[in-house]
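Peer 1: Contents of coords.cif (mmCIF, C-alpha atoms) are given next:
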data_start
loop_
_atom_site.label_atom_id
_atom_site.label_comp_id
_atom_site.auth_asym_id
_atom_site.auth_seq_id
_atom_site.Cartn_x
_atom_site.Cartn_y
_atom_site.Cartn_z
CA MET D 1 0.00 0.00 0.00
CA ASP D 2 1.84 3.11 -1.14
CA VAL D 3 0.28 6.47 -0.40
CA ALA D 4 2.05 9.71 -1.26
CA LEU D 5 2.04 12.07 1.70
CA ASP D 6 1.47 15.80 1.41
CA THR D 7 5.11 16.94 1.59
CA LEU D 8 4.06 20.44 2.62
CA ARG D 9 2.66 19.02 5.86
CA PHE D 10 4.63 15.83 6.47
CA ILE D 11 8.41 15.62 6.36
CA ASP D 12 10.50 12.62 5.30
CA LEU D 13 11.86 10.98 8.42
CA THR D 14 15.58 10.23 8.59
CA THR D 15 17.43 8.12 11.16
CA SER D 16 19.00 11.22 12.70
CA SER D 17 15.65 13.00 13.04
CA ILE D 18 14.12 9.88 14.68
CA ILE D 19 17.01 9.68 17.17
CA PHE D 20 16.76 13.45 17.87
CA LEU D 21 13.00 13.27 18.55
CA PHE D 22 13.37 10.17 20.74
CA ILE D 23 16.11 11.76 22.86
CA VAL D 24 14.31 15.11 23.24
CA GLY D 25 11.13 13.14 24.05
CA PHE D 26 12.95 11.19 26.76
CA ILE D 27 14.56 14.27 28.35
CA GLY D 28 11.32 16.27 28.08
CA GLY D 29 9.42 13.38 29.68
CA LEU D 30 11.95 13.11 32.49
CA VAL D 31 11.65 16.81 33.30
CA SER D 32 7.81 16.69 33.01
CA GLY D 33 7.56 13.71 35.33
CA PHE D 34 9.68 15.60 37.85
CA ILE D 35 8.45 19.21 37.71
CA GLY D 36 5.05 18.69 36.05
CA SER D 37 5.84 20.47 32.80
CA GLY D 38 8.63 21.02 30.33
CA GLY D 39 9.80 19.59 27.08
CA ALA D 40 7.15 21.28 24.96
CA PHE D 41 9.17 24.47 24.67
CA VAL D 42 12.06 22.54 23.06
CA LEU D 43 10.03 20.00 21.07
CA THR D 44 8.02 22.47 18.99
CA PRO D 45 11.02 24.54 17.80
CA GLY D 46 13.01 21.30 17.57
CA MET D 47 10.49 19.79 15.16
CA MET D 48 10.35 23.03 13.21
CA SER D 49 14.14 22.94 12.83
CA LEU D 50 13.66 19.54 11.12
CA GLY D 51 11.36 21.21 8.59
CA VAL D 52 7.99 20.39 10.20
CA PRO D 53 5.47 23.23 9.63
CA GLY D 54 4.62 25.20 12.81
CA THR D 55 1.00 24.04 13.12
CA VAL D 56 1.89 20.35 12.59
CA ALA D 57 4.72 20.70 15.15
CA VAL D 58 2.37 22.23 17.74
CA ALA D 59 -0.38 19.64 17.04
CA SER D 60 1.96 16.62 17.10
CA ASN D 61 3.63 17.91 20.26
CA MET D 62 0.27 18.37 21.98
CA CYS D 63 -0.87 14.90 20.89
CA HIS D 64 2.14 13.38 22.69
CA LYS D 65 1.78 15.67 25.71
CA PHE D 66 -1.57 14.47 27.05
CA PRO D 67 -0.85 10.70 27.10
CA LYS D 68 2.55 11.44 28.65
CA ALA D 69 0.87 13.59 31.31
CA LEU D 70 -1.71 10.83 31.91
CA VAL D 71 0.97 8.18 32.48
CA GLY D 72 2.94 10.55 34.74
CA ALA D 73 -0.19 11.53 36.70
CA ILE D 74 -1.18 7.87 37.27
CA LYS D 75 2.33 7.06 38.47
CA ARG D 76 2.46 9.99 40.86
CA PHE D 77 -1.13 9.35 42.01
CA ARG D 78 0.11 5.95 43.21
CA TYR D 79 2.68 7.80 45.32
CA GLY D 80 -0.14 9.88 46.86
CA GLN D 81 1.06 13.12 45.30
CA VAL D 82 -1.84 14.05 42.99
CA ASP D 83 -4.80 16.18 44.11
CA ILE D 84 -7.35 15.30 41.43
CA LYS D 85 -9.93 17.84 42.62
CA LEU D 86 -7.39 20.67 42.55
CA GLY D 87 -6.20 19.51 39.13
CA LEU D 88 -9.73 19.48 37.68
CA VAL D 89 -10.69 22.89 39.15
CA MET D 90 -7.45 24.32 37.77
CA ALA D 91 -7.98 22.64 34.40
CA VAL D 92 -11.50 24.08 33.98
CA SER D 93 -10.37 27.62 34.82
CA ALA D 94 -7.29 27.11 32.63
CA GLY D 95 -9.63 26.22 29.75
CA VAL D 96 -11.26 29.66 30.10
CA GLY D 97 -7.78 31.24 30.34
CA VAL D 98 -6.75 29.56 27.08
CA GLN D 99 -9.75 31.03 25.26
CA PHE D 100 -8.97 34.49 26.64
CA GLY D 101 -5.27 34.09 25.72
CA ILE D 102 -6.16 33.12 22.15
CA LYS D 103 -8.49 36.15 21.79
CA LEU D 104 -5.76 38.46 23.13
CA GLN D 105 -3.24 36.94 20.71
CA ARG D 106 -5.62 37.48 17.78
CA MET D 107 -6.19 41.09 18.83
CA ILE D 108 -2.44 41.73 18.92
CA LEU D 109 -1.99 39.94 15.58
CA ASP D 110 -4.67 42.10 13.92
CA ARG D 111 -3.23 45.30 15.33
CA TRP D 112 0.56 44.80 15.13
CA GLY D 113 0.96 41.86 12.70
CA GLN D 114 3.05 38.71 13.07
CA SER D 115 6.16 40.50 14.39
CA GLY D 116 4.10 42.32 17.02
CA SER D 117 2.55 39.02 18.08
CA ASN D 118 5.99 37.33 18.25
CA LEU D 119 7.35 40.24 20.28
CA TYR D 120 4.41 39.98 22.72
CA VAL D 121 5.02 36.22 23.10
CA SER D 122 8.75 36.70 23.69
CA LEU D 123 8.29 39.56 26.14
CA SER D 124 5.65 37.57 28.07
CA PHE D 125 8.07 34.64 28.13
CA VAL D 126 10.93 36.78 29.49
CA ALA D 127 8.83 38.74 32.01
CA VAL D 128 7.01 35.71 33.47
CA LEU D 129 10.04 33.46 33.52
CA VAL D 130 12.34 36.03 35.13
CA LEU D 131 9.84 37.06 37.80
CA VAL D 132 8.31 33.69 38.65
CA GLY D 133 11.41 31.60 37.87
CA GLY D 134 13.59 33.99 39.88
CA TYR D 135 11.30 33.65 42.90
CA VAL D 136 11.08 29.84 42.63
CA PHE D 137 14.88 29.67 42.35
CA TYR D 138 15.35 31.99 45.35
CA ASP D 139 12.88 29.92 47.38
CA ALA D 140 14.71 26.69 46.49
CA MET D 141 18.07 28.18 47.43
CA THR D 142 16.82 29.43 50.79
CA ALA D 143 15.02 26.17 51.70
CA ASP D 144 16.36 24.57 54.86
CA LYS D 145 19.20 22.07 54.62
CA GLY D 146 16.91 19.14 55.33
CA GLY D 147 15.20 19.83 52.02
CA LYS D 148 11.83 20.43 53.67
CA ALA D 149 9.66 23.28 52.57
CA LYS D 150 9.80 26.39 54.72
CA ALA D 151 7.38 26.73 57.62
CA GLY D 152 4.80 28.43 55.44
CA ALA D 153 4.34 30.19 52.18
CA THR D 154 3.08 33.34 53.91
CA LEU D 155 0.90 34.63 51.08
CA ALA D 156 -0.86 31.26 50.74
CA GLN D 157 -1.40 31.02 54.49
CA ARG D 158 -2.88 34.50 54.62
CA LEU D 159 -5.18 33.75 51.68
CA GLN D 160 -6.31 30.49 53.30
CA LYS D 161 -7.43 32.43 56.36
CA LEU D 162 -9.82 34.58 54.31
CA GLU D 163 -13.25 32.99 54.52
CA ILE D 164 -14.78 34.07 51.22
CA TRP D 165 -17.62 31.88 49.95
CA PRO D 166 -17.35 29.37 48.34
CA MET D 167 -14.49 27.73 50.22
CA MET D 168 -12.90 24.64 48.66
CA THR D 169 -11.06 21.82 50.42
CA PHE D 170 -8.30 19.97 48.62
CA LYS D 171 -7.53 16.89 50.72
CA THR D 172 -4.29 15.62 49.19
CA ALA D 173 -2.86 19.13 49.01
CA GLY D 174 -4.05 19.66 52.59
CA VAL D 175 -5.49 23.04 51.71
CA ARG D 176 -8.78 24.86 52.34
CA ILE D 177 -9.02 28.07 50.32
CA SER D 178 -11.61 30.25 48.63
CA MET D 179 -12.52 29.42 45.04
CA TRP D 180 -11.78 33.09 44.22
CA PHE D 181 -8.06 32.48 44.77
CA THR D 182 -7.99 29.12 43.00
CA ILE D 183 -9.63 30.18 39.75
CA PRO D 184 -7.23 33.06 38.90
CA VAL D 185 -4.26 30.68 39.21
CA GLY D 186 -5.92 28.28 36.75
CA PHE D 187 -6.90 31.17 34.48
CA ALA D 188 -3.30 32.49 34.41
CA THR D 189 -2.03 28.97 33.71
CA GLY D 190 -4.33 28.68 30.69
CA MET D 191 -3.52 32.16 29.45
CA LEU D 192 0.18 31.43 29.64
CA ALA D 193 -0.35 28.07 27.94
CA ALA D 194 -2.07 29.89 25.04
CA THR D 195 0.77 32.43 24.88
CA ILE D 196 3.99 30.49 25.43
CA ALA D 197 2.68 26.88 25.41
CA VAL D 198 4.09 26.09 28.87
CA GLY D 199 1.32 26.85 31.36
CA GLY D 200 3.05 24.84 34.05
CA PHE D 201 5.58 27.61 34.55
CA VAL D 202 2.78 29.60 36.18
CA GLY D 203 0.53 26.73 37.29
CA VAL D 204 3.06 24.98 39.55
CA PRO D 205 4.40 28.13 41.30
CA GLY D 206 0.79 29.40 41.56
CA MET D 207 -0.32 26.21 43.32
CA ILE D 208 2.67 26.45 45.67
CA TYR D 209 2.76 30.17 46.56
CA ILE D 210 -0.88 31.23 46.16
CA ILE D 211 -2.91 28.10 46.93
CA GLY D 212 -0.39 26.64 49.40
CA ALA D 213 0.21 23.11 48.04
CA SER D 214 3.64 21.54 48.50
CA GLY D 215 6.08 21.43 45.58
CA LEU D 216 5.53 17.68 45.35
CA VAL D 217 1.71 17.93 45.13
CA ALA D 218 1.79 20.99 42.84
CA SER D 219 4.13 19.42 40.29
CA ALA D 220 2.13 16.15 40.32
CA THR D 221 -1.23 17.93 40.03
CA GLU D 222 0.07 19.96 37.09
CA LEU D 223 0.14 16.67 35.15
CA VAL D 224 -3.67 16.40 35.54
CA ILE D 225 -4.05 19.93 34.14
CA ALA D 226 -1.64 19.11 31.28
CA PHE D 227 -3.68 15.98 30.48
CA VAL D 228 -7.05 17.75 30.38
CA MET D 229 -5.77 20.74 28.41
CA GLY D 230 -3.63 18.61 26.12
CA LEU D 231 -6.56 16.32 25.30
CA GLY D 232 -8.82 19.29 24.53
CA GLY D 233 -6.16 20.90 22.35
CA THR D 234 -5.42 17.65 20.53
CA VAL D 235 -9.08 17.05 19.64
CA ASN D 236 -9.13 20.52 18.11
CA TRP D 237 -5.88 20.08 16.13
CA ALA D 238 -6.69 16.50 15.05
CA MET D 239 -10.07 17.62 13.71
CA HIS D 240 -8.13 19.98 11.45
CA GLY D 241 -5.90 17.07 10.38
CA MET D 242 -2.69 18.56 11.76
CA VAL D 243 -1.35 15.62 13.80
CA ASP D 244 1.58 13.71 12.29
CA ILE D 245 1.19 10.39 14.13
CA ARG D 246 4.74 9.29 13.19
CA LEU D 247 6.29 12.25 15.03
CA THR D 248 3.92 11.81 17.98
CA ALA D 249 4.69 8.08 18.27
CA ILE D 250 8.47 8.61 18.22
CA ILE D 251 8.38 11.35 20.85
CA LEU D 252 5.99 9.27 22.97
CA ALA D 253 8.37 6.29 22.82
CA GLY D 254 11.01 8.38 24.58
CA SER D 255 8.80 10.48 26.81
CA LEU D 256 6.91 7.55 28.39
CA LEU D 257 10.27 6.15 29.52
CA GLY D 258 11.33 9.57 30.80
CA VAL D 259 8.12 10.56 32.57
CA GLN D 260 8.12 7.40 34.71
CA LEU D 261 11.76 7.91 35.66
CA GLY D 262 11.04 11.54 36.59
CA ALA D 263 8.05 10.46 38.71
CA ILE D 264 10.19 7.87 40.55
CA GLY D 265 12.81 10.60 41.04
CA THR D 266 10.39 12.77 43.04
CA THR D 267 10.24 10.08 45.75
CA LEU D 268 14.02 9.80 46.01
CA VAL D 269 15.26 13.38 46.21
CA LYS D 270 14.71 16.38 48.49
CA GLU D 271 11.51 18.30 47.74
CA SER D 272 13.37 21.58 47.29
CA LEU D 273 15.13 20.04 44.28
CA ILE D 274 11.84 20.22 42.33
CA LYS D 275 11.81 24.00 42.87
CA PHE D 276 15.53 24.26 42.09
CA VAL D 277 15.17 22.42 38.77
CA MET D 278 12.05 24.38 37.83
CA GLY D 279 13.54 27.78 38.75
CA SER D 280 16.81 27.05 36.94
CA ILE D 281 15.06 25.88 33.75
CA MET D 282 12.79 28.93 33.78
CA LEU D 283 15.71 31.35 34.15
CA ILE D 284 17.76 29.67 31.39
CA VAL D 285 14.74 29.66 29.04
CA ALA D 286 14.22 33.37 29.85
CA VAL D 287 17.75 34.08 28.52
CA SER D 288 16.96 32.05 25.42
CA ARG D 289 13.75 33.96 24.71
CA GLY D 290 15.44 37.27 25.52
CA LEU D 291 17.80 36.62 22.60
CA ALA D 292 14.78 36.48 20.26
CA VAL D 293 13.52 39.94 21.25
CA PRO D 294 15.93 42.09 19.10
CA LYS D 295 14.81 40.18 15.97
CA TYR D 296 11.18 41.15 16.46
CA LEU D 297 12.09 44.72 17.44
CA ALA D 298 14.05 44.95 14.17
CA GLU D 299 11.09 43.56 12.19
CA LEU D 300 8.86 46.23 13.73
CA GLY D 301 11.42 48.91 12.78
CA LEU D 302 12.10 49.78 16.42
CA MET D 303 15.76 48.68 16.36
CA ASP D 304 18.61 48.23 13.86
CA VAL D 305 20.16 44.77 13.95
CA ASP D 306 22.46 43.12 11.40
CA PRO D 307 20.71 40.08 9.76
CA GLY D 308 23.81 37.96 10.42
CA THR D 309 23.58 38.79 14.13
CA VAL D 310 19.86 37.91 14.14
CA ALA D 311 20.59 34.50 12.59
CA LEU D 312 23.31 33.90 15.17
CA MET D 313 21.04 34.91 18.04
CA ASP D 314 18.30 32.60 16.70
CA LYS D 315 20.68 29.64 16.78
CA ALA D 316 22.00 30.60 20.21
CA SER D 317 18.41 30.92 21.47
CA PHE D 318 17.54 27.37 20.37
CA LEU D 319 20.78 25.92 21.76
CA ILE D 320 20.24 27.62 25.13
CA MET D 321 16.72 26.16 25.27
CA CYS D 322 18.13 22.67 24.64
CA ALA D 323 20.75 23.41 27.33
CA ALA D 324 17.98 24.31 29.82
CA LEU D 325 16.30 20.95 29.32
CA THR D 326 19.58 19.02 29.40
CA PHE D 327 20.63 20.86 32.57
CA GLY D 328 17.36 19.85 34.26
CA ALA D 329 17.76 16.23 33.17
CA VAL D 330 21.38 16.03 34.37
CA ILE D 331 20.47 17.47 37.78
CA ILE D 332 17.50 15.08 38.15
CA MET D 333 19.45 11.97 37.13
CA GLY D 334 22.52 12.98 39.15
CA SER D 335 20.41 13.56 42.27
CA MET D 336 18.54 10.28 41.76
CA TYR D 337 21.83 8.42 41.47
CA LYS D 338 23.17 10.03 44.66
CA ALA D 339 19.93 9.37 46.55
CA ARG D 340 19.86 5.72 45.49
CA LYS D 341 23.48 5.31 46.58
CA ALA D 342 22.74 6.92 49.95
CA ASN D 343 19.65 4.68 50.40
CA ALA D 344 21.65 1.57 49.59
CA ALA D 345 24.34 2.57 52.11
CA GLU D 346 21.65 3.21 54.76
CA GLU D 347 20.02 -0.17 54.14
CA GLU D 348 23.40 -1.86 54.45
CA ARG D 349 24.02 -0.14 57.80
CA GLU D 350 20.60 -1.16 59.08
CA ALA D 351 20.97 -4.79 57.98
CA PRO D 352 21.60 -7.23 60.89
CA VAL D 353 25.22 -8.31 61.26
CA HIS D 354 25.78 -12.11 61.53
CA VAL D 355 29.01 -13.10 63.26
CA MET W 1 -3.33 -1.88 47.39
CA ALA W 2 -1.14 -3.40 44.73
CA HIS W 3 1.46 -5.84 45.98
CA GLU W 4 5.19 -5.20 45.53
CA MET W 5 6.34 -6.73 42.28
CA THR W 6 9.50 -8.80 42.25
CA LYS W 7 12.22 -8.12 39.70
CA LYS W 8 11.48 -11.45 38.02
CA GLN W 9 7.77 -10.63 37.61
CA ALA W 10 8.68 -7.18 36.33
CA LEU W 11 11.07 -8.70 33.79
CA ALA W 12 8.39 -11.06 32.49
CA ARG W 13 5.94 -8.16 32.14
CA THR W 14 8.63 -6.04 30.47
CA ILE W 15 9.08 -8.73 27.84
CA VAL W 16 5.33 -9.13 27.21
CA PHE W 17 4.56 -5.39 27.05
CA GLY W 18 7.82 -4.75 25.16
CA ALA W 19 6.79 -7.24 22.47
CA ALA W 20 3.30 -5.68 22.26
CA SER W 21 4.79 -2.20 22.07
CA ALA W 22 7.21 -3.30 19.33
CA ALA W 23 4.26 -4.79 17.41
CA ILE W 24 2.31 -1.51 17.60
CA TYR W 25 5.32 0.57 16.55
CA GLY W 26 6.12 -1.97 13.82
CA ALA W 27 2.57 -1.64 12.47
CA ILE W 28 2.63 2.17 12.57
CA PHE W 29 5.93 2.44 10.71
CA GLN W 30 5.30 -0.46 8.31
CA PHE W 31 2.24 1.41 7.05
CA ALA W 32 3.46 4.90 7.99
CA SER W 33 2.29 6.73 4.86
CA PRO W 34 -1.30 5.40 4.61
CA ILE W 35 -1.78 5.68 8.39
CA THR W 36 -0.45 9.26 8.53
CA GLU W 37 -2.62 10.22 5.57
CA MET W 38 -5.76 8.64 7.06
CA PHE W 39 -5.15 10.04 10.56
CA SER W 40 -4.80 13.57 9.17
CA ARG W 41 -8.08 13.70 7.23
CA GLY W 42 -9.65 15.72 10.01
CA GLY W 43 -13.25 15.58 11.24
CA PHE W 44 -14.21 12.21 12.75
CA TYR W 45 -10.86 10.76 11.68
CA ALA W 46 -9.47 12.75 14.66
CA ALA W 47 -10.53 9.82 16.86
CA MET W 48 -7.87 7.62 15.24
CA PRO W 49 -4.66 9.39 16.38
CA ILE W 50 -6.25 9.95 19.82
CA ALA W 51 -7.19 6.27 20.22
CA THR W 52 -3.72 5.27 19.01
CA VAL W 53 -1.88 7.40 21.57
CA PHE W 54 -4.12 6.06 24.36
CA LEU W 55 -3.22 2.52 23.27
CA VAL W 56 0.49 3.40 23.03
CA SER W 57 0.41 5.09 26.43
CA TYR W 58 -1.05 1.94 28.03
CA VAL W 59 1.16 -0.63 26.29
CA HIS W 60 4.42 1.30 26.01
CA GLY W 61 3.78 2.96 29.41
CA SER W 62 3.41 -0.47 31.06
CA PHE W 63 6.58 -1.61 29.31
CA ALA W 64 8.46 1.45 30.58
CA SER W 65 7.15 1.08 34.13
CA ASN W 66 8.08 -2.60 34.34
CA MET W 67 11.43 -1.97 32.70
CA TRP W 68 12.46 0.51 35.41
CA THR W 69 11.29 -1.93 38.10
CA ALA W 70 13.22 -4.78 36.47
CA LEU W 71 16.30 -2.56 36.39
CA GLY W 72 15.88 -1.90 40.12
CA VAL W 73 14.87 1.76 39.73
CA ASN W 74 12.03 1.97 42.25
CA ALA W 75 10.28 4.71 44.17
CA LYS W 76 11.50 5.12 47.74
CA GLN W 77 8.16 5.44 49.49
CA PRO W 78 5.22 4.34 47.39
CA ALA W 79 1.80 5.56 48.51
CA LYS W 80 3.31 8.26 50.70
CA THR W 81 0.94 11.15 51.09
CA VAL W 82 2.32 14.59 51.68
CA ARG W 83 -0.16 16.61 53.64
CA PRO W 84 0.74 19.97 55.03
CA ALA W 85 -1.28 21.12 58.03
CA VAL W 86 -4.85 21.91 57.04
CA THR W 87 -6.42 25.04 58.38
CA LYS W 88 -9.45 23.69 60.13
CA ARG W 89 -12.88 25.04 59.42
CA PRO W 90 -13.80 27.19 62.41
CA GLU W 91 -16.41 25.39 64.45
CA VAL W 92 -19.19 27.23 66.15
CA ARG W 93 -19.99 25.56 69.44
CA ALA W 94 -22.88 26.14 71.69
CA THR W 95 -21.69 27.35 75.06
CA LEU W 96 -23.50 27.46 78.29
CA SER W 97 -23.08 30.51 80.41
CA ALA W 98 -24.15 29.61 83.82
#
Please go through the file and, once you have read it, give me the structure as structure tokens.
Peer 2:
Amino acid sequence: MDVALDTLRFIDLTTSSIIFLFIVGFIGGLVSGFIGSGGAFVLTPGMMSLGVPGTVAVASNMCHKFPKALVGAIKRFRYGQVDIKLGLVMAVSAGVGVQFGIKLQRMILDRWGQSGSNLYVSLSFVAVLVLVGGYVFYDAMTADKGGKAKAGATLAQRLQKLEIWPMMTFKTAGVRISMWFTIPVGFATGMLAATIAVGGFVGVPGMIYIIGASGLVASATELVIAFVMGLGGTVNWAMHGMVDIRLTAIILAGSLLGVQLGAIGTTLVKESLIKFVMGSIMLIVAVSRGLAVPKYLAELGLMDVDPGTVALMDKASFLIMCAALTFGAVIIMGSMYKARKANAAEEEREAPVHV
Amino acid sequence: MAHEMTKKQALARTIVFGAASAAIYGAIFQFASPITEMFSRGGFYAAMPIATVFLVSYVHGSFASNMWTALGVNAKQPAKTVRPAVTKRPEVRATLSA
């Protein structure tokens, strides 16, 4: 059965592109399983660098994201880390946020064109990642030596004390808070997902610092949100025929291995490491997106930049993004290795000695 | 609650799910062009890629899970629940003032 594929939509797969997608899938899965999100920001530009059209890259990426999130969420649910109710409430409000984000994007596109829209996306990326990522990183660095979370995220504790109807109780997260503080976090997650495609960069810190969940529960619950939103997005893209199942299947082959390893990792390492990895990745990605800003400013006629420099900055931007993901993966695997070694040594010490 | 799986059981399951996963991937790539074309027709055909990734996530996901167990990469404390202190709902109690 030989069917000619539409070459404008579907690329020819080579061995090197298969290996590249599998490896990025694995590393992205590992980071997702550990911090609840990640991978998508490298996979979409990565696929586009192989010649995949933007819409097919986004659709195929999303089609791999929701089953990966499902597998990760089930695994972490077994470890008692997932708050399904919190995840569903967040996912519903994120759905509204996505619609608002898309409308805002369209408005910007109509008014300032493609370059204006790209500039808005890059500036949002840089602003959110520097502010939120910087705070997450600072919090991780100032966590106590035992790796436990600090006595209380003060803002979350203060918000929990406000009795504004309707109050919601999230058992696994161990939180009782007004719906009016929960919904904006979900809304912002969705809006960011529609803008920069990585809602988790706001969702996880929002659940930690505003709602008051632990890093472990927040990162695990984010997988529920990613599943719901990813499934909704995939139905939409697939109905427009934009999913390239070959690309999705290859990425999924790697990411399902990675996501389980990342989930196991959360039970082995200190909780503050989740925040450290997340904060570090966010700050490195912020640098990467910052390098893309001069290009769009030049396209809008607001800045003079040499085309050669723009091309160089584009390449550097992509490489730094890959570095962010690799850095996260190395830290996770290195910490898991150390923790396993320490556990083995502890078990040996505790074992009875026969003389 | 699920019982702890031994490495031997995990290895057997890795082989079974690994073979099933290889069969699914083999089928997808053996007929890559017609499948990709059919799955991208849009409309109701959207159910096909979605059903496929659900199947892959179950089969390949089970393979991956068992593979890590067989390799001795296990979670430290399965079923551990992390619950920070819950702020209790203030209770209104009837008091007697004698």
Peer 1: Could you give me, as a list of chain:residue names, the residues that sit within 8 Å of (3.8, 13.9, 16.5) in the file's coordinates, counting only C-alpha atoms?
Peer 2: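 Residues with an atom at most 8 Å from (3.8, 13.9, 16.5): D:Val56, D:Ala57, D:Ala59, D:Ser60, D:Asn61, D:Met62, D:Cys63, D:His64, D:Val243, D:Asp244, D:Ile245, D:Arg246, D:Leu247, D:Thr248, D:Ala249, D:Ile250, D:Ile251.
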Peer 1: Tell me which protein, DNA and RNA residues are within 10 Å of Asp83 in chain D, counting all atoms listed in the file, leaving out same-chain ones fewer than 4 positions away, and put them as a PDB file with C-alpha atoms, in the frame of the given file.
Peer 2:
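This went into selection_6.pdb:
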ATOM      1  CA  ALA D  73      -0.190  11.530  36.700  1.00  0.00           C
ATOM      2  CA  PHE D  77      -1.130   9.350  42.010  1.00  0.00           C
ATOM      3  CA  GLY D  87      -6.200  19.510  39.130  1.00  0.00           C
ATOM      4  CA  LEU D  88      -9.730  19.480  37.680  1.00  0.00           C
ATOM      5  CA  PHE D 170      -8.300  19.970  48.620  1.00  0.00           C
ATOM      6  CA  LYS D 171      -7.530  16.890  50.720  1.00  0.00           C
ATOM      7  CA  THR D 172      -4.290  15.620  49.190  1.00  0.00           C
ATOM      8  CA  ALA D 173      -2.860  19.130  49.010  1.00  0.00           C
ATOM      9  CA  GLY D 174      -4.050  19.660  52.590  1.00  0.00           C
ATOM     10  CA  ALA D 213       0.210  23.110  48.040  1.00  0.00           C
ATOM     11  CA  VAL D 217       1.710  17.930  45.130  1.00  0.00           C
ATOM     12  CA  ALA D 218       1.790  20.990  42.840  1.00  0.00           C
ATOM     13  CA  ALA D 220       2.130  16.150  40.320  1.00  0.00           C
ATOM     14  CA  THR D 221      -1.230  17.930  40.030  1.00  0.00           C
ATOM     15  CA  GLU D 222       0.070  19.960  37.090  1.00  0.00           C
ATOM     16  CA  VAL D 224      -3.670  16.400  35.540  1.00  0.00           C
TER      17      VAL D 224
END
Peer 1: Starting from the PyMOL selection byres ((chain W and resi 52-68) around 9), expand the selection into actual residues of this file and give them as a PDB file with C-alpha atoms, keeping the file's coordinate frame.
Peer 2:
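Contents of result_5.pdb, as written:
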ATOM      1  CA  CYS D  63      -0.870  14.900  20.890  1.00  0.00           C
ATOM      2  CA  HIS D  64       2.140  13.380  22.690  1.00  0.00           C
ATOM      3  CA  PHE D  66      -1.570  14.470  27.050  1.00  0.00           C
ATOM      4  CA  PRO D  67      -0.850  10.700  27.100  1.00  0.00           C
ATOM      5  CA  LYS D  68       2.550  11.440  28.650  1.00  0.00           C
ATOM      6  CA  LEU D  70      -1.710  10.830  31.910  1.00  0.00           C
ATOM      7  CA  VAL D  71       0.970   8.180  32.480  1.00  0.00           C
ATOM      8  CA  LYS D  75       2.330   7.060  38.470  1.00  0.00           C
ATOM      9  CA  ILE D 245       1.190  10.390  14.130  1.00  0.00           C
ATOM     10  CA  THR D 248       3.920  11.810  17.980  1.00  0.00           C
ATOM     11  CA  ALA D 249       4.690   8.080  18.270  1.00  0.00           C
ATOM     12  CA  LEU D 252       5.990   9.270  22.970  1.00  0.00           C
ATOM     13  CA  ALA D 253       8.370   6.290  22.820  1.00  0.00           C
ATOM     14  CA  LEU D 256       6.910   7.550  28.390  1.00  0.00           C
ATOM     15  CA  LEU D 257      10.270   6.150  29.520  1.00  0.00           C
ATOM     16  CA  GLY D 258      11.330   9.570  30.800  1.00  0.00           C
ATOM     17  CA  GLN D 260       8.120   7.400  34.710  1.00  0.00           C
ATOM     18  CA  LEU D 261      11.760   7.910  35.660  1.00  0.00           C
TER      19      LEU D 261
ATOM     20  CA  LYS W   7      12.220  -8.120  39.700  1.00  0.00           C
ATOM     21  CA  GLN W   9       7.770 -10.630  37.610  1.00  0.00           C
ATOM     22  CA  ALA W  10       8.680  -7.180  36.330  1.00  0.00           C
ATOM     23  CA  LEU W  11      11.070  -8.700  33.790  1.00  0.00           C
ATOM     24  CA  ALA W  12       8.390 -11.060  32.490  1.00  0.00           C
ATOM     25  CA  ARG W  13       5.940  -8.160  32.140  1.00  0.00           C
ATOM     26  CA  THR W  14       8.630  -6.040  30.470  1.00  0.00           C
ATOM     27  CA  ILE W  15       9.080  -8.730  27.840  1.00  0.00           C
ATOM     28  CA  VAL W  16       5.330  -9.130  27.210  1.00  0.00           C
ATOM     29  CA  PHE W  17       4.560  -5.390  27.050  1.00  0.00           C
ATOM     30  CA  GLY W  18       7.820  -4.750  25.160  1.00  0.00           C
ATOM     31  CA  ALA W  19       6.790  -7.240  22.470  1.00  0.00           C
ATOM     32  CA  ALA W  20       3.300  -5.680  22.260  1.00  0.00           C
ATOM     33  CA  SER W  21       4.790  -2.200  22.070  1.00  0.00           C
ATOM     34  CA  ALA W  22       7.210  -3.300  19.330  1.00  0.00           C
ATOM     35  CA  ILE W  24       2.310  -1.510  17.600  1.00  0.00           C
ATOM     36  CA  TYR W  25       5.320   0.570  16.550  1.00  0.00           C
ATOM     37  CA  ALA W  47     -10.530   9.820  16.860  1.00  0.00           C
ATOM     38  CA  MET W  48      -7.870   7.620  15.240  1.00  0.00           C
ATOM     39  CA  PRO W  49      -4.660   9.390  16.380  1.00  0.00           C
ATOM     40  CA  ILE W  50      -6.250   9.950  19.820  1.00  0.00           C
ATOM     41  CA  ALA W  51      -7.190   6.270  20.220  1.00  0.00           C
ATOM     42  CA  THR W  69      11.290  -1.930  38.100  1.00  0.00           C
ATOM     43  CA  ALA W  70      13.220  -4.780  36.470  1.00  0.00           C
ATOM     44  CA  LEU W  71      16.300  -2.560  36.390  1.00  0.00           C
ATOM     45  CA  GLY W  72      15.880  -1.900  40.120  1.00  0.00           C
ATOM     46  CA  VAL W  73      14.870   1.760  39.730  1.00  0.00           C
ATOM     47  CA  ASN W  74      12.030   1.970  42.250  1.00  0.00           C
TER      48      ASN W  74
END
Peer 1: Counting all atoms listed in the file, I want the residues whose atoms come within 7 Å of (7.8, 8.6, 6.0) in the file frame, returned as number ranges by chain.
Peer 2: D: 12-13; W: 32-33
Peer 1: Would you write out, as a ChimeraX atom specification, every residue that the PyMOL selection byres ((chain D and resi 124-126) around 8) captures in this file?
Peer 2: /D:120-123,127-130,195-196,286-287,289-290
